[in-house]
>>> print(open('protein-v7.pdb').read())   # PDB, C-alpha atoms, pLDDT in the B column
MODEL        1
ATOM      1  CA  MET K  29     -16.108  -1.600   9.118  1.00 59.00           C
ATOM      2  CA  ASN K  30     -14.799   1.938   9.054  1.00 83.00           C
ATOM      3  CA  GLU K  31     -12.124   1.579   6.422  1.00 94.00           C
ATOM      4  CA  LYS K  32     -11.546   4.386   3.930  1.00 96.00           C
ATOM      5  CA  ILE K  33      -9.504   5.057   0.866  1.00 97.00           C
ATOM      6  CA  ARG K  34      -7.215   8.076   0.921  1.00 97.00           C
ATOM      7  CA  LEU K  35      -6.059   9.625  -2.333  1.00 97.00           C
ATOM      8  CA  LYS K  36      -2.665  11.275  -2.780  1.00 96.00           C
ATOM      9  CA  ASN K  37      -4.357  14.700  -2.505  1.00 95.00           C
ATOM     10  CA  GLY K  38      -5.760  13.760   0.942  1.00 95.00           C
ATOM     11  CA  ASN K  39      -9.384  13.164  -0.091  1.00 96.00           C
ATOM     12  CA  GLU K  40     -10.931  10.307   1.863  1.00 96.00           C
ATOM     13  CA  TYR K  41     -13.916   8.131   0.985  1.00 97.00           C
ATOM     14  CA  PRO K  42     -15.508   5.484   3.251  1.00 95.00           C
ATOM     15  CA  LEU K  43     -15.452   2.020   1.693  1.00 94.00           C
ATOM     16  CA  ALA K  44     -18.521  -0.155   1.172  1.00 92.00           C
ATOM     17  CA  ILE K  45     -18.447  -3.938   1.535  1.00 88.00           C
ATOM     18  CA  GLY K  46     -15.884  -5.349  -0.888  1.00 88.00           C
ATOM     19  CA  GLY K  47     -14.614  -1.815  -1.387  1.00 91.00           C
ATOM     20  CA  THR K  48     -11.266  -2.655  -2.968  1.00 95.00           C
ATOM     21  CA  ASN K  49     -10.148  -5.388  -5.295  1.00 94.00           C
ATOM     22  CA  SER K  50      -6.954  -5.336  -7.312  1.00 93.00           C
ATOM     23  CA  THR K  51      -4.870  -7.169  -9.859  1.00 91.00           C
ATOM     24  CA  SER K  52      -1.484  -6.158 -11.223  1.00 88.00           C
ATOM     25  CA  THR K  53      -3.231  -3.998 -13.835  1.00 89.00           C
ATOM     26  CA  THR K  54      -6.608  -2.921 -12.379  1.00 92.00           C
ATOM     27  CA  LEU K  55      -7.950  -1.531  -9.097  1.00 95.00           C
ATOM     28  CA  TRP K  56     -11.711  -1.622  -8.494  1.00 97.00           C
ATOM     29  CA  LEU K  57     -13.175   0.713  -5.871  1.00 97.00           C
ATOM     30  CA  ILE K  58     -16.604   0.794  -4.224  1.00 96.00           C
ATOM     31  CA  PHE K  59     -16.986   3.657  -1.788  1.00 96.00           C
ATOM     32  CA  ARG K  60     -19.652   5.874  -0.260  1.00 95.00           C
ATOM     33  CA  SER K  61     -20.005   9.353  -1.652  1.00 94.00           C
ATOM     34  CA  ASP K  62     -22.749  11.913  -2.107  1.00 93.00           C
ATOM     35  CA  GLU K  63     -20.687  13.833  -4.682  1.00 95.00           C
ATOM     36  CA  PRO K  64     -22.050  14.010  -8.224  1.00 95.00           C
ATOM     37  CA  LEU K  65     -20.503  11.445 -10.562  1.00 95.00           C
ATOM     38  CA  GLU K  66     -18.982  14.228 -12.650  1.00 96.00           C
ATOM     39  CA  ASN K  67     -17.008  15.513  -9.631  1.00 96.00           C
ATOM     40  CA  LEU K  68     -15.759  12.015  -8.820  1.00 97.00           C
ATOM     41  CA  ILE K  69     -14.708  11.491 -12.436  1.00 96.00           C
ATOM     42  CA  ALA K  70     -12.776  14.776 -12.348  1.00 96.00           C
ATOM     43  CA  THR K  71     -11.028  13.818  -9.095  1.00 97.00           C
ATOM     44  CA  PHE K  72     -10.176  10.254 -10.110  1.00 97.00           C
ATOM     45  CA  SER K  73      -9.136  11.265 -13.663  1.00 95.00           C
ATOM     46  CA  ASP K  74      -6.260  13.341 -12.306  1.00 96.00           C
ATOM     47  CA  PRO K  75      -3.183  11.075 -12.086  1.00 94.00           C
ATOM     48  CA  ALA K  76      -1.711  13.307  -9.368  1.00 96.00           C
ATOM     49  CA  ASN K  77      -4.637  12.291  -7.125  1.00 97.00           C
ATOM     50  CA  THR K  78      -4.501   8.567  -7.849  1.00 96.00           C
ATOM     51  CA  GLU K  79      -0.786   7.816  -8.192  1.00 95.00           C
ATOM     52  CA  GLN K  80      -1.009   6.406  -4.668  1.00 97.00           C
ATOM     53  CA  ILE K  81      -4.223   5.248  -3.004  1.00 97.00           C
ATOM     54  CA  LYS K  82      -4.194   3.932   0.548  1.00 97.00           C
ATOM     55  CA  THR K  83      -6.739   1.881   2.431  1.00 97.00           C
ATOM     56  CA  ILE K  84      -6.751   3.168   5.975  1.00 96.00           C
ATOM     57  CA  ASN K  85      -8.344   1.954   9.190  1.00 94.00           C
ATOM     58  CA  GLU K  86     -10.502   4.104  11.472  1.00 90.00           C
ATOM     59  CA  ASP K  87      -7.435   4.933  13.577  1.00 91.00           C
ATOM     60  CA  GLY K  88      -5.606   6.211  10.482  1.00 89.00           C
ATOM     61  CA  SER K  89      -3.227   3.269  10.168  1.00 94.00           C
ATOM     62  CA  THR K  90      -2.462   2.087   6.644  1.00 95.00           C
ATOM     63  CA  LEU K  91      -3.868  -1.312   5.677  1.00 95.00           C
ATOM     64  CA  ALA K  92      -2.888  -1.346   1.984  1.00 96.00           C
ATOM     65  CA  VAL K  93      -1.140   0.858  -0.564  1.00 97.00           C
ATOM     66  CA  TYR K  94      -1.957   0.875  -4.279  1.00 96.00           C
ATOM     67  CA  ASP K  95       0.630   2.610  -6.468  1.00 95.00           C
ATOM     68  CA  GLY K  96       0.416   3.579 -10.123  1.00 93.00           C
ATOM     69  CA  TYR K  97      -3.304   3.112 -10.850  1.00 94.00           C
ATOM     70  CA  THR K  98      -3.680   6.438 -12.647  1.00 93.00           C
ATOM     71  CA  VAL K  99      -5.975   5.728 -15.618  1.00 92.00           C
ATOM     72  CA  LEU K 100      -9.722   5.939 -14.932  1.00 93.00           C
ATOM     73  CA  ASP K 101     -11.490   3.117 -16.765  1.00 91.00           C
ATOM     74  CA  ASN K 102     -15.015   1.735 -16.790  1.00 90.00           C
ATOM     75  CA  PRO K 103     -17.187   1.389 -14.834  1.00 89.00           C
ATOM     76  CA  LYS K 104     -17.680   4.962 -13.776  1.00 93.00           C
ATOM     77  CA  ALA K 105     -21.001   4.672 -12.004  1.00 95.00           C
ATOM     78  CA  VAL K 106     -23.044   5.325  -8.902  1.00 95.00           C
ATOM     79  CA  ASP K 107     -25.510   2.954  -7.270  1.00 95.00           C
ATOM     80  CA  ASP K 108     -28.100   4.613  -5.040  1.00 94.00           C
ATOM     81  CA  HIS K 109     -29.161   1.398  -3.292  1.00 93.00           C
ATOM     82  CA  ARG K 110     -26.047  -0.656  -2.479  1.00 92.00           C
ATOM     83  CA  LEU K 111     -25.442  -2.681   0.670  1.00 90.00           C
ATOM     84  CA  ILE K 112     -23.158  -0.680   2.946  1.00 86.00           C
ATOM     85  CA  THR K 113     -23.380  -2.736   6.153  1.00 84.00           C
ATOM     86  CA  PRO K 114     -25.007  -6.195   6.419  1.00 88.00           C
ATOM     87  CA  GLU K 115     -27.528  -7.220   9.063  1.00 92.00           C
ATOM     88  CA  GLN K 116     -26.132  -8.303  12.389  1.00 93.00           C
ATOM     89  CA  TYR K 117     -27.622 -11.054  14.505  1.00 95.00           C
ATOM     90  CA  ASP K 118     -27.471 -12.122  18.141  1.00 94.00           C
ATOM     91  CA  GLU K 119     -26.855 -15.687  19.326  1.00 93.00           C
ATOM     92  CA  GLU K 120     -30.541 -16.634  18.914  1.00 93.00           C
ATOM     93  CA  GLY K 121     -30.608 -15.420  15.329  1.00 92.00           C
ATOM     94  CA  ASN K 122     -32.539 -12.227  15.997  1.00 93.00           C
ATOM     95  CA  VAL K 123     -31.611  -9.172  13.982  1.00 93.00           C
ATOM     96  CA  THR K 124     -29.785  -6.731  16.258  1.00 94.00           C
ATOM     97  CA  LEU K 125     -28.805  -4.257  13.571  1.00 93.00           C
ATOM     98  CA  ALA K 126     -30.627  -3.781  10.277  1.00 93.00           C
ATOM     99  CA  ALA K 127     -28.771  -3.745   6.980  1.00 92.00           C
ATOM    100  CA  VAL K 128     -27.779  -0.299   5.761  1.00 90.00           C
ATOM    101  CA  TYR K 129     -28.145   0.605   2.116  1.00 93.00           C
ATOM    102  CA  GLY K 130     -26.897   3.780   0.523  1.00 93.00           C
ATOM    103  CA  ARG K 131     -25.252   5.552  -2.373  1.00 95.00           C
ATOM    104  CA  VAL K 132     -21.863   4.322  -3.569  1.00 96.00           C
ATOM    105  CA  ALA K 133     -19.512   5.063  -6.420  1.00 96.00           C
ATOM    106  CA  LEU K 134     -18.083   2.212  -8.502  1.00 96.00           C
ATOM    107  CA  LEU K 135     -14.823   3.064 -10.261  1.00 97.00           C
ATOM    108  CA  ALA K 136     -12.036   1.128 -11.934  1.00 95.00           C
ATOM    109  CA  LEU K 137      -8.491   2.409 -12.288  1.00 95.00           C
ATOM    110  CA  SER K 138      -5.684   0.831 -14.256  1.00 92.00           C
ATOM    111  CA  ARG K 139      -1.993   1.311 -14.725  1.00 90.00           C
ATOM    112  CA  PRO K 140      -0.930   3.073 -17.907  1.00 85.00           C
ATOM    113  CA  ASP K 141       0.166   0.666 -20.581  1.00 77.00           C
ATOM    114  CA  VAL K 142       3.629   0.710 -22.101  1.00 54.00           C
ATOM    115  CA  GLU K 143       2.504   2.457 -25.288  1.00 61.00           C
ATOM    116  CA  ALA K 144       1.003   5.328 -23.317  1.00 69.00           C
ATOM    117  CA  LYS K 145       4.223   5.679 -21.339  1.00 69.00           C
ATOM    118  CA  VAL K 146       6.304   5.707 -24.534  1.00 65.00           C
ATOM    119  CA  GLU K 147       4.073   8.397 -26.044  1.00 76.00           C
ATOM    120  CA  GLN K 148       4.373  10.503 -22.889  1.00 79.00           C
ATOM    121  CA  ASN K 149       8.158  10.079 -22.906  1.00 79.00           C
ATOM    122  CA  ARG K 150       8.315  11.147 -26.557  1.00 82.00           C
ATOM    123  CA  ALA K 151       6.236  14.222 -25.808  1.00 85.00           C
ATOM    124  CA  ASP K 152       8.479  15.076 -22.853  1.00 86.00           C
ATOM    125  CA  ILE K 153      11.645  14.625 -24.940  1.00 88.00           C
ATOM    126  CA  ASP K 154      10.227  16.751 -27.769  1.00 85.00           C
ATOM    127  CA  PHE K 155       9.268  19.466 -25.286  1.00 86.00           C
ATOM    128  CA  LEU K 156      12.722  19.464 -23.717  1.00 87.00           C
ATOM    129  CA  ALA K 157      14.373  19.545 -27.134  1.00 84.00           C
ATOM    130  CA  ILE K 158      12.333  22.586 -28.138  1.00 87.00           C
ATOM    131  CA  MET K 159      12.933  24.363 -24.837  1.00 86.00           C
ATOM    132  CA  THR K 160      16.713  23.759 -24.904  1.00 87.00           C
ATOM    133  CA  GLY K 161      17.121  24.304 -28.633  1.00 85.00           C
ATOM    134  CA  THR K 162      18.447  20.782 -29.141  1.00 83.00           C
ATOM    135  CA  ASN K 163      18.134  19.406 -32.644  1.00 81.00           C
ATOM    136  CA  LEU K 164      16.960  15.799 -32.634  1.00 76.00           C
TER     137      LEU K 164
ENDMDL
END
>>> encode(input="protein-v7.pdb", output="structure tokens")
Amino acid sequence: MNEKIRLKNGNEYPLAIGGTNSTSTTLWLIFRSDEPLENLIATFSDPANTEQIKTINEDGSTLAVYDGYTVLDNPKAVDDHRLITPEQYDEEGNVTLAAVYGRVALLALSRPDVEAKVEQNRADIDFLAIMTGTNL
């Protein structure tokens, strides 16, 4: 399992088991990272970075595309002892590869709601009106 997520800005993060889960409104991410939580929050809080998130395979091919999840929600957390890779067994049931545990980030992103979009549109219209001298 060498899948990663790639943000719009090109940053890539290796996924943990169950690394992505989505609904029409929320995208949950579990990925490996040694970055401080504050840095991850700054990166994932920027809508320009998260407007498109791709899941990519080890050869760089795209497996999934998530558009419009630009609002960082809760949880915003790290887990220092999360299962990264499960144990692997041979045909006799002997462990051939031990489980790997490590540090992961757990983040949830959502799509902006309609009210937030309306407020942003109003702000944009007001700005344009001021800049062009238009009286609303």
>>> resolve_selection(input="protein-v7.pdb", expression="the PyMOL selection byres ((chain K and resi 69) around 10)", output="list in words")
Pro64, Leu65, Glu66, Asn67, Leu68, Ala70, Thr71, Phe72, Ser73, Asp74, Leu100, Asp101, Lys104, Ala105 and Leu135 of chain K
>>> atom_distance(input="protein-v7.pdb", atom1="CA of Pro75 in chain K", atom2="CA of Leu35 in chain K")
10.3 Å
>>> axis_aligned_box(input="protein-v7.pdb", around="range 116-133 of chain K", padding_each_side="3 Å", output="lines of an AutoDock Vina configuration file")
center_x = -26.0
center_y = -5.5
center_z = 6.5
size_x = 19.0
size_y = 28.2
size_z = 31.7
>>> residues_around(input="protein-v7.pdb", residues="Leu55 in chain K", least_positions_apart="2", cutoff="9 Å", atoms="only C-alpha atoms", output="JSON, numbers by chain")
{"K": [48, 49, 50, 51, 52, 53, 57, 94, 97, 135, 136, 137, 138, 139]}
>>> write_last_selection(input="protein-v7.pdb", atoms="C-alpha atoms", output="short mmCIF file (atom, residue, chain, number, x, y, z; two decimals), in the coordinates of the input")
data_model
loop_
_atom_site.label_atom_id
_atom_site.label_comp_id
_atom_site.auth_asym_id
_atom_site.auth_seq_id
_atom_site.Cartn_x
_atom_site.Cartn_y
_atom_site.Cartn_z
CA THR K 48 -11.27 -2.66 -2.97
CA ASN K 49 -10.15 -5.39 -5.30
CA SER K 50 -6.95 -5.34 -7.31
CA THR K 51 -4.87 -7.17 -9.86
CA SER K 52 -1.48 -6.16 -11.22
CA THR K 53 -3.23 -4.00 -13.84
CA LEU K 57 -13.18 0.71 -5.87
CA TYR K 94 -1.96 0.88 -4.28
CA TYR K 97 -3.30 3.11 -10.85
CA LEU K 135 -14.82 3.06 -10.26
CA ALA K 136 -12.04 1.13 -11.93
CA LEU K 137 -8.49 2.41 -12.29
CA SER K 138 -5.68 0.83 -14.26
CA ARG K 139 -1.99 1.31 -14.72
#
>>> closest_residue(input="protein-v7.pdb", among="K:Gly96, K:Thr113, K:Glu119, K:Thr160", to="Leu43 in chain K", atoms="only C-alpha atoms")
K:Thr113
>>> resolve_selection(input="protein-v7.pdb", expression="the PyMOL selection byres ((chain K and resi 58-60) around 7)", output="ChimeraX atom specification")
/K:41-44,47-48,56-57,61,131-135
>>> residues_around(input="protein-v7.pdb", residues="Gln80 in chain K", least_positions_apart="2", cutoff="6 Å", atoms="all atoms listed in the file", output="short mmCIF file (atom, residue, chain, number, x, y, z; two decimals) with C-alpha atoms, keeping the file's coordinate frame")
data_model
loop_
_atom_site.label_atom_id
_atom_site.label_comp_id
_atom_site.auth_asym_id
_atom_site.auth_seq_id
_atom_site.Cartn_x
_atom_site.Cartn_y
_atom_site.Cartn_z
CA LYS K 36 -2.66 11.28 -2.78
CA THR K 78 -4.50 8.57 -7.85
CA TYR K 94 -1.96 0.88 -4.28
CA ASP K 95 0.63 2.61 -6.47
#
>>> resolve_selection(input="protein-v7.pdb", expression="the PyMOL selection byres ((chain K and resi 33) around 6)", output="JSON list (two decimals) with C-alpha atoms, keeping the file's coordinate frame")
[["chain", "number", "residue", "atom", "x", "y", "z"],
["K", 32, "LYS", "CA", -11.55, 4.39, 3.93],
["K", 34, "ARG", "CA", -7.22, 8.08, 0.92],
["K", 40, "GLU", "CA", -10.93, 10.31, 1.86],
["K", 41, "TYR", "CA", -13.92, 8.13, 0.98],
["K", 82, "LYS", "CA", -4.19, 3.93, 0.55],
["K", 83, "THR", "CA", -6.74, 1.88, 2.43]]
>>> atom_distance(input="protein-v7.pdb", atom1="CA of Asp108 in chain K", atom2="CA of Asp62 in chain K")
9.5 Å
>>> residues_around(input="protein-v7.pdb", residues="Glu86 in chain K", least_positions_apart="2", cutoff="8 Å", atoms="only C-alpha atoms", output="list in words")
Asn30, Glu31, Lys32, Ile84, Gly88 and Ser89 of chain K
>>> atom_distance(input="protein-v7.pdb", atom1="CA of Ile81 in chain K", atom2="CA of Arg110 in chain K")
22.6 Å
>>> residues_around(input="protein-v7.pdb", residues="Leu125 in chain K", least_positions_apart="3", cutoff="7 Å", atoms="all atoms listed in the file", output="list in words")
Glu115, Gln116 and Tyr117 of chain K
>>> residues_near_point(input="protein-v7.pdb", point="(16.1, 13.8, -31.2)", cutoff="8 Å", atoms="all atoms listed in the file", output="PyMOL selection string")
chain K and resi 153-154+157+162-164
>>> build_atoms(input="protein-v7.pdb", residues="range 37-55 of chain K", atoms="N, CA and C atoms", output="JSON list (two decimals), in the coordinates of the input")
[["chain", "number", "residue", "atom", "x", "y", "z"],
["K", 37, "ASN", "N", -4.03, 13.31, -2.84],
["K", 37, "ASN", "CA", -4.36, 14.70, -2.50],
["K", 37, "ASN", "C", -5.01, 14.84, -1.13],
["K", 38, "GLY", "N", -5.19, 13.71, -0.41],
["K", 38, "GLY", "CA", -5.76, 13.76, 0.94],
["K", 38, "GLY", "C", -7.25, 13.49, 1.01],
["K", 39, "ASN", "N", -7.95, 13.47, -0.11],
["K", 39, "ASN", "CA", -9.38, 13.16, -0.09],
["K", 39, "ASN", "C", -9.60, 11.76, 0.44],
["K", 40, "GLU", "N", -10.61, 11.61, 1.30],
["K", 40, "GLU", "CA", -10.93, 10.31, 1.86],
["K", 40, "GLU", "C", -12.38, 9.95, 1.54],
["K", 41, "TYR", "N", -12.59, 8.64, 1.30],
["K", 41, "TYR", "CA", -13.92, 8.13, 0.98],
["K", 41, "TYR", "C", -14.12, 6.84, 1.76],
["K", 42, "PRO", "N", -15.23, 6.71, 2.51],
["K", 42, "PRO", "CA", -15.51, 5.48, 3.25],
["K", 42, "PRO", "C", -15.83, 4.34, 2.30],
["K", 43, "LEU", "N", -15.24, 3.18, 2.55],
["K", 43, "LEU", "CA", -15.45, 2.02, 1.69],
["K", 43, "LEU", "C", -16.76, 1.32, 2.02],
["K", 44, "ALA", "N", -17.37, 0.73, 1.01],
["K", 44, "ALA", "CA", -18.52, -0.16, 1.17],
["K", 44, "ALA", "C", -17.98, -1.58, 1.29],
["K", 45, "ILE", "N", -18.86, -2.53, 1.47],
["K", 45, "ILE", "CA", -18.45, -3.94, 1.54],
["K", 45, "ILE", "C", -17.77, -4.30, 0.22],
["K", 46, "GLY", "N", -16.63, -4.99, 0.32],
["K", 46, "GLY", "CA", -15.88, -5.35, -0.89],
["K", 46, "GLY", "C", -15.34, -4.14, -1.60],
["K", 47, "GLY", "N", -14.96, -3.12, -0.84],
["K", 47, "GLY", "CA", -14.61, -1.82, -1.39],
["K", 47, "GLY", "C", -13.39, -1.74, -2.26],
["K", 48, "THR", "N", -12.43, -2.66, -2.09],
["K", 48, "THR", "CA", -11.27, -2.66, -2.97],
["K", 48, "THR", "C", -11.00, -4.06, -3.46],
["K", 49, "ASN", "N", -10.57, -4.13, -4.69],
["K", 49, "ASN", "CA", -10.15, -5.39, -5.30],
["K", 49, "ASN", "C", -9.11, -5.02, -6.35],
["K", 50, "SER", "N", -8.00, -5.74, -6.37],
["K", 50, "SER", "CA", -6.95, -5.34, -7.31],
["K", 50, "SER", "C", -6.29, -6.54, -7.97],
["K", 51, "THR", "N", -5.77, -6.26, -9.15],
["K", 51, "THR", "CA", -4.87, -7.17, -9.86],
["K", 51, "THR", "C", -3.63, -6.34, -10.17],
["K", 52, "SER", "N", -2.70, -6.92, -10.88],
["K", 52, "SER", "CA", -1.48, -6.16, -11.22],
["K", 52, "SER", "C", -1.78, -5.01, -12.18],
["K", 53, "THR", "N", -2.93, -5.04, -12.86],
["K", 53, "THR", "CA", -3.23, -4.00, -13.84],
["K", 53, "THR", "C", -4.44, -3.14, -13.49],
["K", 54, "THR", "N", -5.35, -3.63, -12.63],
["K", 54, "THR", "CA", -6.61, -2.92, -12.38],
["K", 54, "THR", "C", -6.94, -2.87, -10.89],
["K", 55, "LEU", "N", -7.47, -1.73, -10.46],
["K", 55, "LEU", "CA", -7.95, -1.53, -9.10],
["K", 55, "LEU", "C", -9.41, -1.12, -9.18]]
